[in-house]
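File shown: start.txt. Contents: compact mmCIF, C-alpha atoms.
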# COMPACT_ATOMS: atom_id res chain seq x y z
CA MET A 1 -4.25 -21.66 -9.42
CA LYS A 2 -0.88 -23.23 -10.31
CA GLN A 3 0.32 -19.98 -11.87
CA ARG A 4 -0.93 -18.04 -8.86
CA VAL A 5 1.03 -20.25 -6.46
CA ILE A 6 4.22 -20.11 -8.56
CA THR A 7 4.02 -16.31 -8.78
CA GLY A 8 3.43 -16.06 -5.03
CA VAL A 9 6.42 -18.24 -4.20
CA VAL A 10 8.74 -16.37 -6.58
CA ALA A 11 7.54 -12.96 -5.35
CA ALA A 12 8.02 -13.98 -1.71
CA ALA A 13 11.50 -15.32 -2.50
CA LEU A 14 12.43 -11.91 -3.92
CA PHE A 15 10.57 -9.72 -1.41
CA LEU A 16 11.40 -11.34 1.93
CA PRO A 17 15.23 -11.31 1.65
CA ILE A 18 15.16 -7.59 0.85
CA VAL A 19 12.89 -6.95 3.83
CA TYR A 20 15.25 -9.05 5.96
CA PHE A 21 18.33 -7.01 5.04
CA GLY A 22 16.47 -3.68 5.16
CA GLY A 23 18.49 -0.53 4.60
CA PHE A 24 19.05 0.90 1.13
CA PRO A 25 17.81 -2.20 -0.77
CA LEU A 26 14.47 -1.89 1.04
CA ILE A 27 14.31 1.82 0.22
CA LEU A 28 14.79 1.01 -3.46
CA LEU A 29 12.13 -1.68 -3.25
CA THR A 30 9.59 0.68 -1.65
CA TYR A 31 10.27 3.29 -4.32
CA PHE A 32 9.84 0.68 -7.05
CA LEU A 33 6.61 -0.80 -5.66
CA ALA A 34 5.04 2.59 -4.98
CA THR A 35 5.94 3.92 -8.43
CA ILE A 36 4.41 0.85 -10.09
CA GLY A 37 1.32 1.29 -7.91
CA LEU A 38 1.02 4.92 -9.04
CA TYR A 39 1.42 3.83 -12.66
CA GLU A 40 -1.43 1.33 -12.20
CA LEU A 41 -3.74 4.02 -10.84
CA PHE A 42 -2.86 6.36 -13.70
CA LYS A 43 -3.59 3.60 -16.19
CA MET A 44 -7.01 2.96 -14.63
CA LYS A 45 -7.96 6.59 -15.29
CA ASN A 46 -6.28 6.66 -18.71
CA LEU A 47 -3.71 9.21 -17.58
CA ASN A 48 -0.21 9.08 -19.03
CA ILE A 49 2.45 8.81 -16.34
CA PHE A 50 5.09 9.46 -19.03
CA SER A 51 4.05 13.09 -19.32
CA GLY A 52 4.77 16.41 -17.67
CA TYR A 53 2.06 16.00 -15.06
CA GLY A 54 3.02 12.35 -14.64
CA LEU A 55 6.63 13.31 -13.92
CA LEU A 56 5.52 15.93 -11.39
CA THR A 57 3.32 13.35 -9.65
CA VAL A 58 6.13 10.77 -9.54
CA LEU A 59 8.48 13.35 -8.01
CA PHE A 60 5.79 14.27 -5.47
CA LEU A 61 5.48 10.57 -4.61
CA TRP A 62 9.24 10.18 -4.24
CA VAL A 63 9.35 13.12 -1.82
CA LEU A 64 6.60 11.51 0.25
CA LEU A 65 8.61 8.27 0.33
CA PHE A 66 11.81 9.95 1.49
CA PRO A 67 12.85 8.11 4.69
CA ALA A 68 12.81 10.04 7.96
CA GLU A 69 16.36 8.96 8.84
CA TYR A 70 17.65 10.87 5.80
CA ASN A 71 15.80 14.13 6.51
CA HIS A 72 19.16 15.74 7.29
CA VAL A 73 19.89 15.57 3.56
CA LEU A 74 16.93 17.83 2.89
CA ASP A 75 17.92 20.09 5.76
CA SER A 76 21.20 20.79 4.01
CA PHE A 77 19.15 22.32 1.17
CA TYR A 78 17.05 24.31 3.67
CA TYR A 79 13.83 22.59 2.59
CA SER A 80 11.54 20.19 4.44
CA LYS A 81 9.43 17.41 2.95
CA ILE A 82 6.29 19.46 3.50
CA GLU A 83 7.73 22.46 1.67
CA LEU A 84 8.79 20.33 -1.29
CA CYS A 85 5.38 18.65 -1.42
CA ILE A 86 3.71 22.07 -1.49
CA VAL A 87 5.90 23.05 -4.46
CA PHE A 88 4.81 19.98 -6.45
CA ILE A 89 1.15 20.52 -5.56
CA LEU A 90 1.32 24.09 -6.86
CA LEU A 91 3.16 22.97 -9.99
CA LEU A 92 0.49 20.35 -10.74
CA PHE A 93 -2.27 22.91 -10.45
CA THR A 94 -0.23 25.29 -12.60
CA TYR A 95 -0.07 22.53 -15.21
CA THR A 96 -3.85 22.76 -15.61
CA VAL A 97 -3.39 26.36 -16.80
CA ILE A 98 -0.44 25.55 -19.07
CA THR A 99 -2.47 22.84 -20.84
CA LYS A 100 -5.55 25.11 -21.05
CA ASN A 101 -7.50 22.66 -18.91
CA ARG A 102 -6.77 19.59 -21.03
CA PHE A 103 -5.23 18.38 -17.78
CA THR A 104 -8.10 19.27 -15.47
CA PHE A 105 -8.47 20.13 -11.81
CA GLU A 106 -10.01 16.68 -11.32
CA ASP A 107 -7.00 15.08 -13.00
CA ALA A 108 -4.62 17.01 -10.75
CA SER A 109 -6.60 16.05 -7.65
CA PHE A 110 -6.65 12.39 -8.71
CA SER A 111 -2.90 12.47 -9.33
CA LEU A 112 -2.13 13.96 -5.93
CA LEU A 113 -4.47 11.68 -3.99
CA SER A 114 -3.11 8.64 -5.84
CA ALA A 115 0.44 9.58 -4.84
CA VAL A 116 -0.64 10.07 -1.22
CA TYR A 117 -2.53 6.76 -1.22
CA VAL A 118 0.39 4.61 -2.35
CA GLY A 119 3.08 6.86 -0.87
CA ILE A 120 1.92 6.78 2.73
CA GLY A 121 1.46 3.01 2.70
CA PHE A 122 4.88 2.17 1.30
CA TYR A 123 6.59 4.91 3.32
CA PHE A 124 5.49 3.15 6.48
CA LEU A 125 6.74 -0.20 5.19
CA PHE A 126 10.27 1.14 5.51
CA GLU A 127 9.64 3.16 8.68
CA THR A 128 8.10 0.16 10.45
CA ARG A 129 11.08 -1.96 9.43
CA VAL A 130 13.44 0.65 10.90
CA ASP A 131 11.56 1.41 14.12
CA GLY A 132 9.95 -1.94 14.86
CA GLY A 133 12.33 -4.40 13.28
CA LEU A 134 11.82 -7.37 11.01
CA VAL A 135 9.36 -9.10 13.33
CA TYR A 136 6.70 -6.42 12.85
CA ILE A 137 6.90 -6.65 9.08
CA LEU A 138 6.62 -10.43 9.22
CA TYR A 139 3.72 -10.11 11.64
CA SER A 140 1.90 -7.75 9.26
CA LEU A 141 2.45 -10.06 6.29
CA PHE A 142 1.31 -13.25 8.01
CA MET A 143 -1.59 -11.46 9.69
CA ILE A 144 -2.91 -10.16 6.37
CA TRP A 145 -2.33 -13.48 4.60
CA ALA A 146 -4.30 -15.17 7.38
CA THR A 147 -7.06 -12.56 7.09
CA ASP A 148 -7.35 -13.00 3.33
CA SER A 149 -7.20 -16.81 3.43
CA GLY A 150 -9.58 -17.06 6.37
CA ALA A 151 -12.08 -14.69 4.78
CA TYR A 152 -11.98 -16.65 1.51
CA PHE A 153 -12.27 -20.19 2.84
CA ILE A 154 -14.67 -19.47 5.68
CA GLY A 155 -16.76 -17.30 3.39
CA LYS A 156 -16.90 -20.15 0.88
CA ALA A 157 -17.88 -22.65 3.56
CA VAL A 158 -20.48 -20.79 5.62
CA GLY A 159 -20.85 -17.32 4.12
CA LYS A 160 -24.44 -16.23 3.50
CA ARG A 161 -24.79 -12.51 4.20
CA LYS A 162 -23.06 -10.21 1.74
CA LEU A 163 -20.56 -7.79 3.23
CA TRP A 164 -20.66 -5.07 0.57
CA PRO A 165 -22.18 -6.42 -2.66
CA GLU A 166 -22.02 -3.08 -4.52
CA ILE A 167 -18.22 -3.10 -4.17
CA SER A 168 -17.21 -6.75 -3.88
CA PRO A 169 -20.08 -9.18 -4.52
CA ASN A 170 -18.28 -12.32 -3.30
CA LYS A 171 -17.28 -11.10 0.17
CA THR A 172 -19.48 -12.11 3.10
CA ILE A 173 -19.85 -10.97 6.69
CA GLU A 174 -19.11 -14.49 7.91
CA GLY A 175 -15.94 -14.59 5.82
CA SER A 176 -14.86 -11.20 7.12
CA LEU A 177 -15.28 -12.29 10.73
CA GLY A 178 -13.49 -15.55 9.94
CA GLY A 179 -10.58 -13.56 8.55
CA VAL A 180 -10.32 -11.60 11.81
CA VAL A 181 -10.34 -14.84 13.84
CA CYS A 182 -7.53 -16.28 11.70
CA ALA A 183 -5.54 -13.06 12.10
CA VAL A 184 -5.90 -13.29 15.89
CA PHE A 185 -4.63 -16.89 15.76
CA VAL A 186 -1.51 -15.66 13.93
CA ALA A 187 -1.08 -12.92 16.54
CA ILE A 188 -1.15 -15.51 19.33
CA LEU A 189 1.60 -17.46 17.58
CA PHE A 190 3.74 -14.34 17.35
CA VAL A 191 3.24 -13.68 21.06
CA LEU A 192 4.31 -17.23 21.87
CA PHE A 193 7.33 -17.42 19.60
CA THR A 194 8.62 -13.84 19.19
CA ASP A 195 9.32 -10.84 21.40
CA ILE A 196 6.10 -9.03 20.43
CA LYS A 197 4.25 -8.21 23.63
CA GLY A 198 1.32 -6.20 24.93
CA SER A 199 -2.18 -5.64 23.57
CA ILE A 200 -1.54 -7.49 20.34
CA ILE A 201 -4.94 -9.20 20.20
CA GLY A 202 -6.95 -5.99 20.22
CA ILE A 203 -4.56 -4.30 17.80
CA THR A 204 -4.71 -7.32 15.49
CA VAL A 205 -8.49 -7.03 15.30
CA VAL A 206 -8.13 -3.37 14.30
CA LEU A 207 -5.43 -4.14 11.73
CA SER A 208 -7.37 -7.05 10.25
CA VAL A 209 -10.46 -4.88 9.84
CA PHE A 210 -8.48 -2.04 8.25
CA GLY A 211 -6.71 -4.52 6.00
CA GLN A 212 -10.10 -5.65 4.72
CA ILE A 213 -11.13 -2.02 4.25
CA GLY A 214 -8.00 -1.50 2.17
CA ASP A 215 -9.02 -4.46 0.02
CA LEU A 216 -12.49 -2.97 -0.44
CA VAL A 217 -11.02 0.41 -1.36
CA GLU A 218 -9.02 -1.18 -4.16
CA SER A 219 -12.12 -3.11 -5.27
CA ALA A 220 -14.04 0.18 -5.36
CA PHE A 221 -11.34 1.72 -7.57
CA LYS A 222 -11.48 -1.18 -10.00
CA ARG A 223 -15.27 -1.22 -10.11
CA HIS A 224 -15.38 2.54 -10.68
CA PHE A 225 -12.90 2.35 -13.55
CA ASN A 226 -14.34 -0.96 -14.83
CA VAL A 227 -11.13 -2.99 -14.71
CA LYS A 228 -10.63 -6.53 -13.42
CA ASP A 229 -7.13 -6.09 -11.99
CA SER A 230 -4.98 -3.07 -11.25
CA GLY A 231 -2.21 -4.46 -13.48
CA LYS A 232 -0.56 -7.54 -14.95
CA ILE A 233 2.91 -7.47 -13.41
CA LEU A 234 2.13 -10.49 -11.20
CA PRO A 235 0.68 -13.36 -13.30
CA GLY A 236 -2.28 -14.92 -11.54
CA HIS A 237 -2.44 -12.10 -9.00
CA GLY A 238 -2.84 -8.93 -11.05
CA GLY A 239 -0.92 -5.79 -10.18
CA ILE A 240 1.05 -4.43 -7.27
CA LEU A 241 -2.03 -2.76 -5.81
CA ASP A 242 -3.96 -6.04 -6.01
CA ARG A 243 -1.37 -7.63 -3.69
CA PHE A 244 -0.58 -4.70 -1.40
CA ASP A 245 -3.99 -3.01 -1.08
CA SER A 246 -4.54 -4.33 2.46
CA LEU A 247 -0.98 -3.66 3.59
CA ILE A 248 -1.13 -0.07 2.33
CA PHE A 249 -3.77 0.47 5.02
CA VAL A 250 -2.15 -1.74 7.65
CA TRP A 251 1.45 -0.43 7.70
CA PRO A 252 0.63 3.17 8.74
CA ILE A 253 -1.62 1.96 11.58
CA LEU A 254 0.88 -0.72 12.60
CA HIS A 255 3.58 1.93 12.85
CA LEU A 256 1.39 4.00 15.15
CA PHE A 257 0.91 1.01 17.45
CA HIS A 258 4.23 -0.82 17.07
CA LEU A 259 5.38 0.06 20.60
CA TRP A 260 2.46 -1.70 22.27
Could you spell out this file's structure in structure tokens?
Amino acid sequence: MKQRVITGVVAAALFLPIVYFGGFPLILLTYFLATIGLYELFKMKNLNIFSGYGLLTVLFLWVLLFPAEYNHVLDSFYYSKIELCIVFILLLFTYTVITKNRFTFEDASFSLLSAVYVGIGFYFLFETRVDGGLVYILYSLFMIWATDSGAYFIGKAVGKRKLWPEISPNKTIEGSLGGVVCAVFVAILFVLFTDIKGSIIGITVVLSVFGQIGDLVESAFKRHFNVKDSGKILPGHGGILDRFDSLIFVWPILHLFHLW
């Protein structure tokens, strides 16, 4: 527990100032986090990211992450993000032929879906920071922390009915509902002390639920590939995906609703 707390404090001390300043440092951070997340997924499936297909997948991910405010750079080359993504998709499938199916269709599909999974989530970290401002990022962080903490402690105290034992045996329905209640409490504080307005309570319920779904998705990955954590980059916490699994689901939805 001590190591977990120390790692959390250090990570927050590094992460939050970059989020505060935004701009190019945040772009670099999103690229770094997403690339590490992709590496963790590759490692789960025993795929080598330091390979031809790994390089193609990383480039595909980096195109997905390309910020909307810099799309004019791509326009100068007469290509859109979608067109570039199509090129990398075709190249990955071509790689299955070049390797005589040692890199299979299933491997190519896993690589592409993995890049989309981490790419979309971290892309909307930056886009939400640009369009909604710092307050929406802070809201998402505190809301998910409250959801996770509430689900854990309330589940420990009164949890009896299992939420999804085949995927995550320790999670309970009571804990899940408690996490939503704690998230709503955080939302009320943001309404009182920030300029966030509108239907925040209802949206918070949706975000809290999807955050928990994101957590379950990551648990399903780990159970399928028989690993305890997605990585070891964060002592006491695991990997990048272990810490950002909920937020990967929350940030895209938050961006859709950030003008409530």
Query - Residue list as a PyMOL selection string for point (0.1, 4.5, -11.4), cut-off 12 Å, only C-alpha atoms - result: chain A and resi 32-50+54-55+57-58+61+110-119+230-231+239-241
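Here atom CA of A:Thr30 is placed at a distance of 14.1 Å from atom CA of A:Asp245.
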If I wrap all listed atoms of stretch 167-184 of chain A in a box with edges along x, y and z and add 5 Å on each side, what are its centre and edge lengths in Å to one decimal, as AutoDock Vina command-line options?
--center_x -12.8 --center_y -9.7 --center_z 5.7 --size_x 24.5 --size_y 23.2 --size_z 30.4
Report summary line: A straight line from atom CA of A:Gln212 to atom CA of A:Asn170 spans 13.3 Å
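Minimum atom-to-atom distances from A:His72, A:Lys171, A:Lys100, A:Lys228 to A:Phe153 were compared using all atoms listed in the file, and the lowest value belongs to A:Lys171.
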Report task. Could you check which of A:Phe126, A:Tyr139, A:Tyr152, A:Trp164 is closest to A:Gly22, using only C-alpha atoms? Result -> A:Phe126
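Closest approach to A:Phe142 from the set A:Phe190, A:Tyr79, A:Phe124, A:Tyr95 is made by A:Phe190, with distances taken over only C-alpha atoms.
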